[in-house]
Amino acid sequence: RQALVLLHQRLLGHDRAPDHPEIERTFQLFSGILTDAKAQGRFEPRETYFCGGREEFRADDPHYTLRAWRGVLTYLLHQHDFLYE
């Protein structure tokens, strides 16, 4: 949760406590992505950062953590406070 607090501060300029509802919402997004990915069980355990699928742009992500953080960052970057700062 401290990492989420830091992201909210750095990206959105909000000083929020770890128990703030927005931090909880963001945490639920993160944990929900992890839960959904694990439940699917058919995702590639390696993540790609290049749409061409080249091997040198792939990273091991067996626990789907990179995907979850990417989802959190996408969520935060779509917030009004970030877009219209």
# chains A, B, ... in the order shown; residues from 1 in each chain; ligands from 1

call {"tool": "residues_around", "arguments": {"residues": "A:Leu73", "least_positions_apart": "2", "cutoff": "10 Å", "atoms": "only C-alpha atoms", "output": "number ranges by chain"}}
result
A: 4, 7-8, 11, 26, 30, 67-71, 75-78

call {"tool": "closest_residue", "arguments": {"among": "A:Arg10, A:Val72, A:Glu85, A:His80", "to": "A:Leu29", "atoms": "only C-alpha atoms"}}
result
A:Val72

call {"tool": "residues_around", "arguments": {"residues": "A:Arg1", "least_positions_apart": "5", "cutoff": "10 Å", "atoms": "only C-alpha atoms", "output": "PyMOL selection string"}}
result
chain A and resi 6-7+17-19+23-24+26-27

call {"tool": "write_last_selection", "arguments": {"atoms": "C-alpha atoms", "output": "CSV table (one decimal), in the first residue's frame"}}
result
chain,number,residue,atom,x,y,z
A,6,LEU,CA,3.7,7.1,-3.3
A,7,LEU,CA,2.2,6.7,-6.8
A,17,ALA,CA,-3.0,7.7,4.0
A,18,PRO,CA,-2.7,4.0,3.3
A,19,ASP,CA,-6.3,3.5,4.5
A,23,ILE,CA,-5.8,3.8,-2.0
A,24,GLU,CA,-8.1,1.0,-1.2
A,26,THR,CA,-6.4,1.1,-6.3
A,27,PHE,CA,-5.3,-1.8,-4.1

call {"tool": "closest_residue", "arguments": {"among": "A:Tyr84, A:Tyr64, A:Gln2, A:Leu12", "to": "A:Ala39", "atoms": "only C-alpha atoms"}}
result
A:Tyr64

call {"tool": "select_by_dssp", "arguments": {"residues": "chain A", "states": "strand (DSSP E or B)", "output": "PyMOL selection string"}}
result
chain A and resi 46-48+58-60

call {"tool": "closest_residue", "arguments": {"among": "A:Arg58, A:His14, A:His20, A:His63", "to": "A:Ile33", "atoms": "only C-alpha atoms"}}
result
A:His63

call {"tool": "closest_residue", "arguments": {"among": "A:Asp60, A:Gln9, A:Ser31, A:Gly41", "to": "A:Phe82", "atoms": "only C-alpha atoms"}}
result
A:Gln9
